[in-house]
Amino acid sequence: MSLDLVFCGTPRFAVPTLEKLVAADFRVHLVVTQPDRPKGRGLEVVASPVKQCALHLNLPITQPDRIKTNNDFREQLMALKPDAIIVVGYGRIIPQWMLDLPPLGNINLHASLLPKYRGAAPIQWAIAQGESVTGVTTMRIDAGLDTGDILQQRELAIAPDDTAETLAPRLASIGADLVVETLRGLQAGSIHPCPQDNLRATLAPILKKEDGFVDFTRSADDILNRIRGFQPWPGAHTKFRGKGLQILKARRADDAIPVGELKIRADQLLVGCGHDTSLELQEIQVEGKKRSMARDFVHGYRPQAGEKLG
């Protein structure tokens, strides 16, 4: 017998899970997603990726502004009597009444191997911290921040050139399969929830603009990891001659250069980092300008050896 579900999600990361649930013949009676928001320079009101997917699949949709004290929403969910509520990047704290509603619980797909990287930005922080392996976890939501009992996990290797943008779709894909597998296991009684070891927990807090500011006292490898992890936002940014400078792509160099200082070698743009390391900046973007290769920057701005970034 198939299960009756409510799906709560908003970002593109959640779309494969919704698609896989429908393809696996689970009965998704309602999709809950964030209200449409203004987006882009024109501030055009845009539906969330999950809403767009739900419309394509002809699924019922609701977009409440709030859920904790929303009696109409509560009555709507209670009338549906779901076996489980699936939550993937919904963007709201799930209230206790909602946690208590379905017999199989509220099941969350989290993009890390919990208890590592609890929080809003697990993909970004895993790369920024130099991890070589991450994964996805299905867990039963409780009142804490990503502290619920683990149901299942899958590992995924992080490639040396992965960014948050390239890694997220792969995690979303294996996560979608894991949610389907988890639901079938719960239905069959073959999954035994496992409490998290809180002593091993690490945090992945929501990213702020200042997280992307490059501290050149860090090692070159550390800076590279943060460049990869913080794409597309907040990016890796510094200052050059008083203007913002985004570092879009870089690689290790072997030159000995004072921390934060520039060195020009032919068309190459090098900068000194901490621990006697250095970087070659390959693609950059000056505030108010288009992204460019480093050689074009060198020819256009003619930076001098010894000039500093930061």
# chains A, B, ... in the order shown; residues from 1 in each chain; ligands from 1
$ residues_around --residues "Asp36 in chain A" --least-positions-apart "6" --cutoff "9 Å" --atoms "only C-alpha atoms" --output "list in words"
Val45, Val46, Ala47, Ser48, Lys51 and Gln63 of chain A
$ write_last_selection --atoms "C-alpha atoms" --output "JSON list (two decimals), in the first residue's frame"
[["chain", "number", "residue", "atom", "x", "y", "z"],
["A", 45, "VAL", "CA", 7.92, 38.05, -8.72],
["A", 46, "VAL", "CA", 9.05, 34.47, -9.25],
["A", 47, "ALA", "CA", 7.64, 31.16, -8.04],
["A", 48, "SER", "CA", 9.97, 28.83, -6.16],
["A", 51, "LYS", "CA", 6.17, 25.41, -6.93],
["A", 63, "GLN", "CA", 2.11, 28.95, 0.18]]
$ residues_around --residues "range 181-194 of chain A" --least-positions-apart "3" --cutoff "6 Å" --atoms "only C-alpha atoms" --output "short mmCIF file (atom, residue, chain, number, x, y, z; two decimals) with N, CA, C and O atoms, in the first residue's frame"
data_model
loop_
_atom_site.label_atom_id
_atom_site.label_comp_id
_atom_site.auth_asym_id
_atom_site.auth_seq_id
_atom_site.Cartn_x
_atom_site.Cartn_y
_atom_site.Cartn_z
N ASP A 149 16.77 11.99 15.01
CA ASP A 149 17.34 10.65 14.81
C ASP A 149 17.62 10.39 13.33
O ASP A 149 16.79 10.68 12.46
N ILE A 150 18.78 9.81 13.06
CA ILE A 150 19.18 9.47 11.69
C ILE A 150 18.43 8.22 11.24
O ILE A 150 18.34 7.23 11.96
N LEU A 151 17.92 8.28 10.01
CA LEU A 151 17.24 7.12 9.42
C LEU A 151 18.18 6.39 8.46
O LEU A 151 18.44 5.20 8.61
N LEU A 178 17.32 8.38 -1.78
CA LEU A 178 17.38 7.96 -0.38
C LEU A 178 16.05 8.22 0.34
O LEU A 178 15.64 7.42 1.19
#
$ residues_around --residues "Lys116 in chain A" --least-positions-apart "6" --cutoff "7 Å" --atoms "only C-alpha atoms" --output "PyMOL selection string"
chain A and resi 200-203
$ closest_residue --among "A:Gln129, A:Asn225, A:Thr137, A:Thr166" --to "Gln196 in chain A" --atoms "only C-alpha atoms"
A:Thr137
$ residues_around --residues "range 91-103 of chain A" --least-positions-apart "4" --cutoff "6 Å" --atoms "only C-alpha atoms" --output "VMD selection string"
chain A and resid 68 82 to 84
$ write_last_selection --atoms "all heavy atoms" --output "compact mmCIF listing (two decimals), in the first residue's frame"
# COMPACT_ATOMS: atom_id res chain seq x y z
N LYS A 68 3.37 28.31 12.09
CA LYS A 68 3.31 27.92 13.50
C LYS A 68 1.93 28.21 14.11
O LYS A 68 1.37 27.36 14.82
CB LYS A 68 4.39 28.66 14.29
CG LYS A 68 4.47 28.24 15.74
CD LYS A 68 5.62 28.94 16.47
CE LYS A 68 5.67 28.50 17.93
NZ LYS A 68 6.79 29.16 18.65
N PRO A 82 -1.81 12.84 6.74
CA PRO A 82 -0.68 12.22 6.02
C PRO A 82 0.01 11.16 6.88
O PRO A 82 0.08 11.27 8.10
CB PRO A 82 0.25 13.41 5.77
CG PRO A 82 -0.06 14.38 6.88
CD PRO A 82 -1.52 14.24 7.13
N ASP A 83 0.54 10.15 6.21
CA ASP A 83 1.36 9.15 6.90
C ASP A 83 2.71 9.74 7.28
O ASP A 83 3.31 9.36 8.29
CB ASP A 83 1.57 7.93 6.01
CG ASP A 83 0.27 7.20 5.73
OD1 ASP A 83 -0.42 6.82 6.68
OD2 ASP A 83 -0.05 7.02 4.53
N ALA A 84 3.21 10.64 6.44
CA ALA A 84 4.50 11.29 6.71
C ALA A 84 4.49 12.66 6.04
O ALA A 84 3.78 12.89 5.05
CB ALA A 84 5.65 10.46 6.17
$ closest_residue --among "A:Ala54, A:Ile247, A:Ala176, A:Ile264" --to "Glu283 in chain A" --atoms "only C-alpha atoms"
A:Ile247
$ closest_residue --among "A:Leu167, A:Val179, A:Ile67, A:Leu77" --to "Pro16 in chain A" --atoms "only C-alpha atoms"
A:Val179
$ closest_residue --among "A:Arg251, A:Arg170, A:Lys208, A:Lys81" --to "Asp222 in chain A" --atoms "only C-alpha atoms"
A:Arg251
$ select_by_dssp --residues "range 38-264 of chain A" --states "alpha helix (DSSP H)" --output "VMD selection string"
chain A and resid 49 to 56 71 to 80 96 to 99 122 to 128 164 to 188 220 to 229
$ closest_residue --among "A:Gly274, A:Gly175, A:Pro303, A:Pro232" --to "Phe216 in chain A" --atoms "only C-alpha atoms"
A:Gly274
$ residues_around --residues "Lys263 in chain A" --least-positions-apart "3" --cutoff "10 Å" --atoms "only C-alpha atoms" --output "PDB file with N, CA and C atoms, in the first residue's frame"
ATOM      1  N   ASP A 255      55.259  30.486  -5.735  1.00  0.00           N
ATOM      2  CA  ASP A 255      56.093  31.657  -5.481  1.00  0.00           C
ATOM      3  C   ASP A 255      56.053  32.069  -4.011  1.00  0.00           C
ATOM      4  N   ALA A 256      57.164  32.566  -3.522  1.00  0.00           N
ATOM      5  CA  ALA A 256      57.231  33.131  -2.174  1.00  0.00           C
ATOM      6  C   ALA A 256      56.919  34.619  -2.270  1.00  0.00           C
ATOM      7  N   ILE A 257      55.732  35.016  -1.760  1.00  0.00           N
ATOM      8  CA  ILE A 257      55.263  36.397  -1.870  1.00  0.00           C
ATOM      9  C   ILE A 257      54.727  36.823  -0.506  1.00  0.00           C
ATOM     10  N   PRO A 258      55.012  38.023  -0.047  1.00  0.00           N
ATOM     11  CA  PRO A 258      54.436  38.497   1.216  1.00  0.00           C
ATOM     12  C   PRO A 258      52.905  38.432   1.190  1.00  0.00           C
ATOM     13  N   GLY A 260      49.184  38.879   0.969  1.00  0.00           N
ATOM     14  CA  GLY A 260      48.311  39.893   0.398  1.00  0.00           C
ATOM     15  C   GLY A 260      48.922  40.706  -0.723  1.00  0.00           C
ATOM     16  N   ALA A 266      54.784  37.833 -16.358  1.00  0.00           N
ATOM     17  CA  ALA A 266      54.211  37.821 -17.709  1.00  0.00           C
ATOM     18  C   ALA A 266      52.738  38.228 -17.591  1.00  0.00           C
ATOM     19  N   GLN A 268      50.546  36.543 -15.786  1.00  0.00           N
ATOM     20  CA  GLN A 268      50.002  35.903 -14.590  1.00  0.00           C
ATOM     21  C   GLN A 268      49.895  36.892 -13.439  1.00  0.00           C
ATOM     22  N   LEU A 269      48.831  36.720 -12.654  1.00  0.00           N
ATOM     23  CA  LEU A 269      48.577  37.555 -11.486  1.00  0.00           C
ATOM     24  C   LEU A 269      48.646  36.668 -10.249  1.00  0.00           C
ATOM     25  N   LEU A 270      49.672  36.893  -9.423  1.00  0.00           N
ATOM     26  CA  LEU A 270      49.909  36.064  -8.250  1.00  0.00           C
ATOM     27  C   LEU A 270      49.702  36.888  -6.985  1.00  0.00           C
ATOM     28  N   VAL A 271      49.317  36.207  -5.898  1.00  0.00           N
ATOM     29  CA  VAL A 271      49.132  36.887  -4.621  1.00  0.00           C
ATOM     30  C   VAL A 271      49.667  36.002  -3.500  1.00  0.00           C
ATOM     31  N   GLY A 272      50.299  36.621  -2.514  1.00  0.00           N
ATOM     32  CA  GLY A 272      50.851  35.882  -1.394  1.00  0.00           C
ATOM     33  C   GLY A 272      49.796  35.527  -0.370  1.00  0.00           C
ATOM     34  N   SER A 278      51.074  30.627  -1.954  1.00  0.00           N
ATOM     35  CA  SER A 278      50.613  31.680  -2.864  1.00  0.00           C
ATOM     36  C   SER A 278      49.585  31.118  -3.835  1.00  0.00           C
ATOM     37  N   GLU A 280      47.696  31.753  -7.835  1.00  0.00           N
ATOM     38  CA  GLU A 280      47.559  32.433  -9.115  1.00  0.00           C
ATOM     39  C   GLU A 280      46.083  32.709  -9.327  1.00  0.00           C
ATOM     40  N   PRO A 303      48.603  46.403 -12.560  1.00  0.00           N
ATOM     41  CA  PRO A 303      48.968  46.370 -11.137  1.00  0.00           C
ATOM     42  C   PRO A 303      50.478  46.255 -10.974  1.00  0.00           C
ATOM     43  N   GLN A 304      50.983  46.873  -9.939  1.00  0.00           N
ATOM     44  CA  GLN A 304      52.417  46.892  -9.683  1.00  0.00           C
ATOM     45  C   GLN A 304      52.772  45.855  -8.626  1.00  0.00           C
ATOM     46  N   ALA A 305      53.963  45.260  -8.783  1.00  0.00           N
ATOM     47  CA  ALA A 305      54.454  44.342  -7.772  1.00  0.00           C
ATOM     48  C   ALA A 305      54.498  45.067  -6.431  1.00  0.00           C
ATOM     49  N   GLY A 306      53.995  44.385  -5.400  1.00  0.00           N
ATOM     50  CA  GLY A 306      53.980  44.989  -4.081  1.00  0.00           C
ATOM     51  C   GLY A 306      52.651  45.632  -3.722  1.00  0.00           C
ATOM     52  N   GLU A 307      51.805  45.923  -4.734  1.00  0.00           N
ATOM     53  CA  GLU A 307      50.454  46.388  -4.409  1.00  0.00           C
ATOM     54  C   GLU A 307      49.729  45.288  -3.649  1.00  0.00           C
ATOM     55  N   LYS A 308      48.815  45.705  -2.785  1.00  0.00           N
ATOM     56  CA  LYS A 308      48.147  44.744  -1.913  1.00  0.00           C
ATOM     57  C   LYS A 308      46.667  44.592  -2.228  1.00  0.00           C
TER      58      LYS A 308
END
$ atom_distance --atom1 "CA of Gly310 in chain A" --atom2 "CA of Gly242 in chain A"
8.7 Å
$ residues_around --residues "His29 in chain A" --least-positions-apart "2" --cutoff "10 Å" --atoms "only C-alpha atoms" --output "list of chain:residue names"
A:Asp4, A:Leu5, A:Val6, A:Phe7, A:Phe26, A:Arg27, A:Val31, A:Leu59, A:Pro60, A:Ile61, A:Leu77, A:Leu80, A:Lys81, A:Pro82
$ write_last_selection --atoms "C-alpha atoms" --output "tab-separated table (two decimals), in the first residue's frame"
chain	number	residue	atom	x	y	z
A	4	ASP	CA	-0.12	9.50	1.87
A	5	LEU	CA	2.34	12.40	1.98
A	6	VAL	CA	2.62	16.16	2.37
A	7	PHE	CA	5.76	17.66	0.81
A	26	PHE	CA	3.56	7.85	-3.36
A	27	ARG	CA	0.40	9.95	-2.99
A	31	VAL	CA	2.96	20.68	-1.71
A	59	LEU	CA	-0.13	18.77	-7.54
A	60	PRO	CA	-2.12	20.89	-5.05
A	61	ILE	CA	-0.05	23.79	-3.68
A	77	LEU	CA	-3.00	19.27	7.12
A	80	LEU	CA	-5.30	15.21	4.95
A	81	LYS	CA	-4.07	12.81	7.68
A	82	PRO	CA	-0.68	12.22	6.02
$ closest_residue --among "A:His275, A:Glu44, A:Gly244, A:Ile206" --to "Ala120 in chain A" --atoms "only C-alpha atoms"
A:Ile206
$ atom_distance --atom1 "CA of Gly229 in chain A" --atom2 "CA of Arg12 in chain A"
17.6 Å
$ atom_distance --atom1 "CA of Arg291 in chain A" --atom2 "CA of Leu248 in chain A"
8.2 Å
$ residues_around --residues "Cys273 in chain A" --least-positions-apart "4" --cutoff "6 Å" --atoms "only C-alpha atoms" --output "MDAnalysis selection string"
chainID A and resid 216:217 219:220 259 277:278
$ write_last_selection --atoms "N, CA and C atoms" --output "PDB file, in the first residue's frame"
ATOM      1  N   PHE A 216      43.942  36.816   3.542  1.00  0.00           N
ATOM      2  CA  PHE A 216      45.130  36.262   2.890  1.00  0.00           C
ATOM      3  C   PHE A 216      46.152  35.714   3.879  1.00  0.00           C
ATOM      4  N   THR A 217      45.885  35.822   5.178  1.00  0.00           N
ATOM      5  CA  THR A 217      46.751  35.130   6.133  1.00  0.00           C
ATOM      6  C   THR A 217      46.438  33.640   6.182  1.00  0.00           C
ATOM      7  N   SER A 219      46.070  29.880   4.465  1.00  0.00           N
ATOM      8  CA  SER A 219      46.872  29.201   3.454  1.00  0.00           C
ATOM      9  C   SER A 219      46.172  29.247   2.101  1.00  0.00           C
ATOM     10  N   ALA A 220      46.941  29.036   1.043  1.00  0.00           N
ATOM     11  CA  ALA A 220      46.377  29.029  -0.306  1.00  0.00           C
ATOM     12  C   ALA A 220      45.304  27.953  -0.446  1.00  0.00           C
ATOM     13  N   VAL A 259      52.323  38.181   2.350  1.00  0.00           N
ATOM     14  CA  VAL A 259      50.871  37.980   2.460  1.00  0.00           C
ATOM     15  C   VAL A 259      50.101  39.176   1.894  1.00  0.00           C
ATOM     16  N   THR A 277      52.597  30.295   1.335  1.00  0.00           N
ATOM     17  CA  THR A 277      51.935  29.767   0.137  1.00  0.00           C
ATOM     18  C   THR A 277      51.494  30.943  -0.734  1.00  0.00           C
ATOM     19  N   SER A 278      51.074  30.627  -1.954  1.00  0.00           N
ATOM     20  CA  SER A 278      50.613  31.680  -2.864  1.00  0.00           C
ATOM     21  C   SER A 278      49.585  31.118  -3.835  1.00  0.00           C
TER      22      SER A 278
END
